>>> print(open('model-v6.cif').read())   # mmCIF, C-alpha atoms
data_run
loop_
_atom_site.label_atom_id
_atom_site.label_comp_id
_atom_site.auth_asym_id
_atom_site.auth_seq_id
_atom_site.Cartn_x
_atom_site.Cartn_y
_atom_site.Cartn_z
CA MET N 1 18.46 -31.69 -4.31
CA LEU N 2 18.03 -33.00 -7.86
CA GLN N 3 20.98 -34.73 -9.44
CA GLY N 4 22.59 -33.47 -12.61
CA LYS N 5 23.89 -30.11 -13.69
CA LYS N 6 22.80 -27.25 -11.45
CA LYS N 7 21.39 -24.06 -12.86
CA VAL N 8 22.90 -20.99 -11.23
CA LEU N 9 21.11 -17.69 -10.82
CA SER N 10 22.87 -14.35 -10.55
CA LEU N 11 20.73 -11.73 -8.87
CA ALA N 12 21.42 -8.02 -8.35
CA LEU N 13 20.51 -7.05 -4.81
CA TYR N 14 21.33 -3.36 -4.66
CA VAL N 15 18.61 -0.91 -5.61
CA SER N 16 18.80 2.87 -5.48
CA ILE N 17 15.64 4.85 -4.80
CA TRP N 18 16.52 8.52 -5.13
CA PRO N 19 13.53 10.85 -4.58
CA THR N 20 14.48 13.07 -7.53
CA GLU N 21 16.22 10.68 -9.85
CA GLY N 22 14.07 7.59 -9.50
CA LEU N 23 15.20 4.01 -9.20
CA PHE N 24 18.17 2.25 -10.67
CA VAL N 25 20.04 -0.99 -10.09
CA ALA N 26 23.70 -1.40 -9.20
CA GLY N 27 24.91 -4.97 -9.15
CA LEU N 28 26.14 -6.99 -6.22
CA ASN N 29 25.86 -10.46 -7.68
CA LEU N 30 25.32 -13.61 -5.63
CA THR N 31 24.75 -17.12 -6.92
CA PHE N 32 22.18 -19.64 -5.78
CA ASP N 33 21.27 -23.10 -6.92
CA GLY N 34 18.02 -22.80 -8.87
CA ASN N 35 16.26 -25.77 -7.27
CA ASP N 36 17.05 -24.70 -3.72
CA MET N 37 15.94 -21.14 -4.50
CA LEU N 38 12.57 -22.15 -5.86
CA LEU N 39 11.94 -24.39 -2.86
CA TYR N 40 12.67 -21.40 -0.63
CA LEU N 41 10.35 -19.17 -2.62
CA THR N 42 7.55 -21.73 -2.56
CA LYS N 43 7.85 -22.03 1.21
CA SER N 44 7.82 -18.23 1.51
CA LEU N 45 4.71 -17.91 -0.65
CA LYS N 46 2.85 -20.49 1.42
CA GLU N 47 3.78 -18.62 4.58
CA LYS N 48 2.37 -15.37 3.09
CA THR N 49 5.55 -13.38 3.52
CA MET N 50 7.43 -11.10 1.16
CA THR N 51 10.80 -11.69 2.84
CA ALA N 52 12.15 -14.10 0.24
CA TYR N 53 11.28 -11.92 -2.71
CA PRO N 54 13.22 -8.78 -1.76
CA LEU N 55 16.16 -11.03 -0.90
CA LEU N 56 16.28 -12.54 -4.36
CA LEU N 57 14.83 -9.87 -6.61
CA ASP N 58 15.52 -6.18 -7.17
CA TRP N 59 13.05 -3.96 -5.32
CA VAL N 60 12.49 -1.84 -8.40
CA LYS N 61 11.54 -4.93 -10.40
CA GLU N 62 9.25 -6.42 -7.80
CA GLN N 63 5.50 -6.29 -7.68
CA ARG N 64 4.20 -5.67 -4.17
CA PRO N 65 0.60 -6.00 -2.94
CA GLY N 66 -1.01 -3.00 -1.29
CA SER N 67 -4.37 -2.18 0.26
CA HIS N 68 -6.34 0.83 -0.96
CA ASP N 69 -7.60 3.02 1.91
CA THR N 70 -6.12 0.60 4.42
CA MET N 71 -7.97 1.86 7.51
CA THR N 72 -11.59 1.95 6.37
CA TYR N 73 -12.39 -1.26 8.26
CA CYS N 74 -12.92 0.87 11.40
CA LEU N 75 -15.00 3.86 10.26
CA ASP N 76 -17.03 5.42 13.08
CA GLU N 77 -20.77 5.68 12.42
CA ARG N 78 -21.07 8.14 15.31
CA SER N 79 -18.69 10.67 13.75
CA SER N 80 -19.70 13.52 11.50
CA VAL N 81 -18.72 13.74 7.85
CA LEU N 82 -15.42 15.42 7.04
CA LYS N 83 -15.31 19.21 7.01
CA SER N 84 -13.93 18.98 3.48
CA SER N 85 -17.11 17.20 2.33
CA PRO N 86 -19.53 19.02 -0.01
CA ARG N 87 -21.68 21.55 1.81
CA LEU N 88 -24.92 19.73 0.92
CA LEU N 89 -23.63 16.49 2.44
CA GLN N 90 -22.68 18.31 5.65
CA VAL N 91 -26.18 19.78 5.89
CA LEU N 92 -27.81 16.39 5.28
CA ASP N 93 -25.53 14.85 7.90
CA THR N 94 -26.69 17.46 10.42
CA TRP N 95 -30.37 16.81 9.72
CA PHE N 96 -30.38 13.07 8.99
CA PRO N 97 -27.25 11.46 10.50
CA CYS N 98 -29.02 8.12 11.00
CA ILE N 99 -29.46 7.88 7.22
CA VAL N 100 -26.35 9.62 5.90
CA ARG N 101 -23.68 7.96 8.01
CA PRO N 102 -24.67 4.30 7.44
CA CYS N 103 -24.86 5.06 3.72
CA ILE N 104 -21.38 6.58 3.74
CA ILE N 105 -19.94 3.60 5.62
CA LYS N 106 -21.55 1.21 3.16
CA TRP N 107 -19.80 2.92 0.25
CA ALA N 108 -16.61 4.09 1.97
CA THR N 109 -15.52 0.81 3.55
CA THR N 110 -12.80 -0.68 1.33
CA GLN N 111 -11.25 -3.23 3.72
CA GLU N 112 -12.50 -5.79 6.24
CA ASP N 113 -9.25 -7.01 7.76
CA SER N 114 -7.41 -5.19 10.54
CA ILE N 115 -4.04 -3.68 9.69
CA SER N 116 -2.16 -6.51 11.41
CA ASN N 117 -4.20 -9.09 9.51
CA GLN N 118 -3.46 -7.27 6.25
CA LEU N 119 0.26 -7.44 7.03
CA ASP N 120 -0.09 -11.12 7.88
CA LEU N 121 -1.77 -11.68 4.50
CA GLY N 122 1.30 -10.23 2.76
CA ILE N 123 0.26 -6.59 2.22
CA ARG N 124 3.41 -4.45 2.13
CA PHE N 125 2.00 -1.06 1.04
CA LEU N 126 -0.33 0.78 3.42
CA ASP N 127 -2.48 3.63 2.09
CA LEU N 128 -3.27 5.87 5.08
CA ARG N 129 -5.55 8.94 4.71
CA ILE N 130 -5.03 11.19 7.74
CA ALA N 131 -7.44 13.72 9.28
CA HIS N 132 -7.88 15.89 12.36
CA LYS N 133 -11.21 16.64 14.02
CA ILE N 134 -11.63 20.38 14.59
CA LYS N 135 -12.81 20.06 18.22
CA ASP N 136 -10.22 17.46 19.21
CA PRO N 137 -6.82 18.14 20.83
CA ASP N 138 -4.20 19.26 18.34
CA LYS N 139 -2.11 16.07 18.58
CA VAL N 140 -4.92 13.55 18.11
CA PHE N 141 -5.23 12.29 14.54
CA TYR N 142 -7.58 9.87 12.85
CA PHE N 143 -7.97 8.14 9.51
CA ALA N 144 -10.79 9.19 7.23
CA HIS N 145 -12.76 8.24 4.15
CA GLY N 146 -15.97 10.24 4.07
CA ILE N 147 -16.17 10.03 7.87
CA TYR N 148 -13.57 9.53 10.59
CA SER N 149 -12.20 6.27 11.95
CA LEU N 150 -12.71 4.80 15.40
CA LEU N 151 -9.02 4.11 15.86
CA THR N 152 -6.47 6.90 16.14
CA VAL N 153 -3.25 7.19 14.15
CA LYS N 154 -1.27 6.63 17.35
CA GLU N 155 -3.08 3.38 18.14
CA VAL N 156 -2.70 1.95 14.65
CA LEU N 157 0.90 2.90 13.91
CA THR N 158 1.95 1.66 17.34
CA GLU N 159 0.35 -1.65 16.34
CA VAL N 160 2.32 -1.63 13.05
CA ALA N 161 5.56 -0.96 14.97
CA ARG N 162 4.84 -3.94 17.23
CA TRP N 163 4.17 -6.13 14.18
CA LEU N 164 7.51 -5.10 12.68
CA ASP N 165 9.23 -5.95 15.98
CA GLN N 166 7.94 -9.49 15.52
CA HIS N 167 8.88 -9.66 11.81
CA THR N 168 12.35 -8.18 11.72
CA LYS N 169 13.10 -9.09 8.08
CA GLU N 170 10.04 -7.40 6.61
CA VAL N 171 10.03 -3.94 5.00
CA VAL N 172 6.76 -1.98 4.63
CA ILE N 173 5.97 1.15 2.61
CA ILE N 174 3.60 3.46 4.51
CA ALA N 175 2.04 6.21 2.38
CA LEU N 176 0.41 9.04 4.35
CA SER N 177 -1.80 11.53 2.52
CA ALA N 178 -4.98 13.70 2.59
CA PHE N 179 -4.30 15.39 6.00
CA ASP N 180 -7.84 16.78 6.22
CA GLY N 181 -8.16 19.71 8.65
CA MET N 182 -4.45 19.88 9.52
CA ASN N 183 -2.25 22.96 9.83
CA LEU N 184 1.54 23.22 9.71
CA ASP N 185 2.02 22.80 13.46
CA GLN N 186 -0.09 19.65 13.40
CA HIS N 187 1.97 18.29 10.52
CA ARG N 188 5.08 18.82 12.63
CA ASP N 189 3.44 17.05 15.58
CA LEU N 190 2.45 14.10 13.40
CA ILE N 191 5.90 13.89 11.81
CA GLN N 192 7.58 13.88 15.22
CA PHE N 193 5.25 11.07 16.29
CA LEU N 194 6.17 9.05 13.18
CA ILE N 195 9.88 9.51 13.82
CA SER N 196 9.64 8.60 17.50
CA THR N 197 7.41 5.58 16.84
CA PHE N 198 9.48 3.95 14.10
CA ASP N 199 12.83 5.44 15.15
CA ASN N 200 15.72 3.40 13.73
CA LYS N 201 13.33 1.32 11.61
CA ILE N 202 12.96 4.28 9.21
CA CYS N 203 14.88 4.11 5.94
CA PRO N 204 16.20 7.67 5.26
CA ASN N 205 15.53 9.26 1.89
CA HIS N 206 19.15 10.12 1.11
CA ILE N 207 20.69 6.64 1.10
CA ILE N 208 20.77 3.87 -1.48
CA PRO N 209 18.64 1.21 0.24
CA SER N 210 19.37 -2.35 -0.75
CA LEU N 211 17.66 -5.08 1.21
CA LEU N 212 20.96 -6.15 2.71
CA GLN N 213 21.57 -2.59 3.82
CA CYS N 214 18.09 -2.43 5.36
CA TRP N 215 18.78 -5.64 7.24
CA ASN N 216 22.20 -4.47 8.37
CA HIS N 217 20.76 -1.19 9.70
CA ASN N 218 17.40 -2.60 10.85
CA TYR N 219 15.46 -0.45 8.38
CA GLN N 220 11.90 -1.73 8.06
CA VAL N 221 9.81 1.28 7.06
CA ILE N 222 9.73 3.64 4.09
CA LEU N 223 7.53 6.61 5.03
CA SER N 224 5.95 8.49 2.11
CA TYR N 225 4.45 11.82 3.22
CA ASP N 226 2.35 13.73 0.70
CA ASP N 227 2.83 17.27 1.96
CA SER N 228 5.42 19.99 1.49
CA SER N 229 6.03 20.07 5.25
CA ALA N 230 7.97 16.81 4.85
CA SER N 231 10.70 18.32 2.68
CA GLU N 232 12.98 19.17 5.60
CA TYR N 233 12.99 15.66 7.08
CA GLU N 234 15.38 12.98 5.85
CA GLU N 235 13.11 10.32 7.36
CA LEU N 236 10.28 11.12 4.92
CA TRP N 237 10.04 10.20 1.25
CA PRO N 238 7.99 12.20 -1.30
CA GLN N 239 4.50 11.31 -2.44
CA CYS N 240 4.00 7.81 -3.81
CA GLU N 241 2.04 8.30 -7.05
CA TYR N 242 -1.28 6.42 -7.11
CA TRP N 243 -3.02 5.60 -10.40
CA TRP N 244 -6.77 6.02 -9.77
CA ALA N 245 -9.36 5.54 -12.51
CA ASN N 246 -12.29 7.07 -10.56
CA THR N 247 -14.95 4.86 -12.12
CA SER N 248 -17.36 2.11 -11.10
CA ASP N 249 -16.79 0.16 -14.31
CA PRO N 250 -14.02 -2.46 -13.93
CA LYS N 251 -13.39 -2.46 -17.69
CA HIS N 252 -12.71 1.27 -17.55
CA VAL N 253 -10.38 0.76 -14.58
CA ILE N 254 -8.36 -1.74 -16.60
CA SER N 255 -8.28 0.45 -19.71
CA TYR N 256 -7.18 3.41 -17.59
CA LEU N 257 -4.32 1.43 -16.05
CA GLU N 258 -3.25 0.16 -19.45
CA GLU N 259 -3.21 3.73 -20.76
CA ARG N 260 -1.09 4.87 -17.82
CA LYS N 261 1.36 2.06 -18.47
CA THR N 262 1.98 3.39 -21.99
CA GLU N 263 3.17 6.67 -20.44
CA GLY N 264 6.05 4.91 -18.71
CA ARG N 265 7.05 4.41 -15.10
CA PRO N 266 7.18 7.30 -12.63
CA GLY N 267 10.53 8.05 -11.04
CA GLN N 268 9.92 6.27 -7.73
CA PHE N 269 7.71 3.64 -6.18
CA PHE N 270 4.20 3.95 -7.58
CA ALA N 271 0.88 2.19 -7.09
CA ALA N 272 -1.67 0.98 -9.63
CA GLY N 273 -5.14 1.08 -8.05
CA LEU N 274 -7.60 -1.67 -8.93
CA ASN N 275 -10.28 -0.04 -6.79
CA LEU N 276 -13.72 0.83 -8.14
CA THR N 277 -15.30 4.19 -7.26
CA GLU N 278 -19.02 4.95 -7.14
CA ASP N 279 -20.65 8.32 -7.76
CA ALA N 280 -23.96 9.69 -6.47
CA LYS N 281 -25.82 8.48 -9.54
CA TYR N 282 -24.56 4.93 -9.06
CA VAL N 283 -25.42 4.91 -5.33
CA LEU N 284 -28.98 6.15 -5.94
CA SER N 285 -29.57 3.67 -8.75
CA HIS N 286 -28.21 0.70 -6.72
CA PRO N 287 -29.84 1.08 -3.27
CA CYS N 288 -29.28 -2.57 -2.34
CA GLN N 289 -25.59 -2.63 -3.22
CA SER N 290 -22.46 -1.61 -1.34
CA LEU N 291 -18.87 -0.99 -2.35
CA GLN N 292 -18.09 -4.52 -1.24
CA SER N 293 -20.76 -6.17 -3.38
CA MET N 294 -19.85 -3.97 -6.35
CA THR N 295 -16.16 -4.82 -5.99
CA LEU N 296 -16.47 -8.55 -5.37
CA SER N 297 -18.78 -8.99 -8.35
CA SER N 298 -15.95 -7.63 -10.52
CA TYR N 299 -13.07 -9.30 -8.68
CA SER N 300 -12.45 -12.07 -11.22
CA LEU N 301 -12.09 -9.52 -14.04
CA LEU N 302 -9.72 -7.36 -11.97
CA LEU N 303 -7.63 -10.37 -10.91
CA ASN N 304 -7.35 -11.52 -14.51
CA TRP N 305 -5.61 -8.20 -15.19
CA VAL N 306 -3.22 -8.88 -12.30
CA LYS N 307 -2.33 -12.28 -13.78
CA GLN N 308 -1.25 -10.59 -17.01
CA GLN N 309 1.24 -8.22 -15.36
CA CYS N 310 4.98 -8.70 -15.61
CA PRO N 311 7.48 -7.55 -13.00
CA GLY N 312 10.63 -5.83 -14.17
CA LEU N 313 12.05 -2.56 -15.39
CA GLY N 314 10.11 -2.36 -18.65
CA LYS N 315 8.02 0.67 -19.55
CA SER N 316 4.79 -1.27 -19.08
CA CYS N 317 5.76 -2.96 -15.81
CA VAL N 318 3.97 -1.93 -12.64
CA ASN N 319 5.46 -1.80 -9.15
CA ILE N 320 2.78 -1.80 -6.42
CA ILE N 321 -0.75 -3.07 -7.08
CA CYS N 322 -3.48 -1.98 -4.66
CA ALA N 323 -6.95 -3.42 -4.22
CA ASP N 324 -10.02 -3.27 -1.99
CA PHE N 325 -11.00 -6.18 0.29
CA VAL N 326 -7.57 -7.75 -0.01
CA GLY N 327 -8.51 -10.80 2.05
CA ALA N 328 -11.40 -11.80 -0.23
CA PHE N 329 -11.55 -15.25 -1.83
CA SER N 330 -8.91 -16.75 0.48
CA ASN N 331 -6.43 -13.92 -0.06
CA GLU N 332 -6.26 -14.58 -3.80
CA PHE N 333 -5.20 -11.02 -4.68
CA THR N 334 -2.10 -10.96 -2.49
CA GLN N 335 -1.05 -14.45 -3.51
CA LEU N 336 -1.31 -13.51 -7.18
CA VAL N 337 0.77 -10.35 -6.83
CA ILE N 338 3.48 -12.07 -4.81
CA GLY N 339 3.47 -15.01 -7.23
CA LEU N 340 4.14 -12.73 -10.20
CA ASN N 341 7.69 -12.26 -8.95
CA GLN N 342 8.44 -15.90 -9.66
CA THR N 343 8.41 -15.06 -13.38
CA LEU N 344 11.63 -13.12 -12.85
CA LEU N 345 13.20 -16.18 -11.32
CA LYS N 346 12.02 -18.35 -14.20
CA LYS N 347 13.59 -15.98 -16.70
CA ARG N 348 16.87 -16.15 -14.79
CA ARG N 349 16.74 -19.94 -14.74
CA ASP N 350 16.27 -20.00 -18.49
CA LEU N 351 19.37 -17.86 -19.13
#
>>> encode(input="model-v6.cif", output="structure tokens")
Amino acid sequence: MLQGKKKVLSLALYVSIWPTEGLFVAGLNLTFDGNDMLLYLTKSLKEKTMTAYPLLLDWVKEQRPGSHDTMTYCLDERSSVLKSSPRLLQVLDTWFPCIVRPCIIKWATTQEDSISNQLDLGIRFLDLRIAHKIKDPDKVFYFAHGIYSLLTVKEVLTEVARWLDQHTKEVVIIALSAFDGMNLDQHRDLIQFLISTFDNKICPNHIIPSLLQCWNHNYQVILSYDDSSASEYEELWPQCEYWWANTSDPKHVISYLEERKTEGRPGQFFAAGLNLTEDAKYVLSHPCQSLQSMTLSSYSLLLNWVKQQCPGLGKSCVNIICADFVGAFSNEFTQLVIGLNQTLLKKRRDL
């Protein structure tokens, strides 16, 4: 420890996350020596974990890294296109599956790393798009983005539960949405599976969850469920708003996110999506490209935007930042987002 006068930090640890009223901070102040704290944070950053940051910073002020369309690393080329797809695409898939499906995978794959690897990299927001195949048993669910996944929801979320068993101080936000081809009974089946799988790891939506409270009660999962069928379950949180620019131009993505920031923060957790989106015209005019090549060619510009973000409660502060191919360039995206939280510590040190 350095000699001389110590700088002391006072950090509020309690954060309220009411579904209808949004987030606010109530103070339970602890003091830490500034030098020891920064050593701890540096060690945590090198180990690619978010544990230190929720301990020392308010959840509402934090910036957390997320993966857009988390499960697209395992899309199944043998599956048909989704029933919600445009009619023309369904017809083409029936006639020319050997052409249509590889093309869809090339432009629908947004991640390369498995879900456990993404968690190891530091991803703490999982974007899961759920679907049911019409001819499958009622209780079998898949992930989908254009076509269905190889892995089932049961296989993947069981894997996440095992990962959490091995990382008992980590808290993950899991956002479930889309629910293609699902009826009310299937929603109930899926919800019961979620509750039984994560059990006492689930943070209920009616409490005021500080990190210390989560640790004391072994809460490790916040489940966001984007469907009205979730309203009767205390284990499920409402939709997590996702800012999506819907453009292949990275400059337009950035301008869109900046415009959304001027509108102020939503009431709960929310995600800013750095993902690029192609349309049919772009795909036809770039036959040798893929979503990966399009994204990685713009990665430096997108990451420069990340570097300019500030964590905190301000109107222009963002909460969760999501990206495609989160492990690219030696996990630079996740490291940048986690590192942004150190600016809050620096401000406290300067007080």
>>> resolve_selection(input="model-v6.cif", expression="the PyMOL selection byres ((chain N and resi 223) around 7)", output="ChimeraX atom specification")
/N:173-175,221-222,224-225,236-237
>>> residues_around(input="model-v6.cif", residues="stretch 246-258 of chain N", least_positions_apart="6", cutoff="10 Å", atoms="all atoms listed in the file", output="VMD selection string")
chain N and resid 272 to 279 282 291 294 to 295 297 to 299 301 to 302 305 to 306 316 318
>>> closest_residue(input="model-v6.cif", among="N:Lys139, N:Lys106, N:Lys261, N:Arg101", to="N:Leu190", atoms="only C-alpha atoms")
N:Lys139
>>> atom_distance(input="model-v6.cif", atom1="atom CA of N:Asp113", atom2="atom CA of N:Val326")
8.0 Å
>>> closest_residue(input="model-v6.cif", among="N:Asn341, N:Gly267, N:Asn331, N:Gln292", to="N:Gly312", atoms="only C-alpha atoms")
N:Asn341
>>> resolve_selection(input="model-v6.cif", expression="the PyMOL selection byres ((chain N and resi 115) around 9)", output="ChimeraX atom specification")
/N:70-71,73,113-114,116-120,126,156,159-160
>>> closest_residue(input="model-v6.cif", among="N:Gln192, N:Ser79, N:Ser293, N:Gln309", to="N:Phe325", atoms="all atoms listed in the file")
N:Ser293
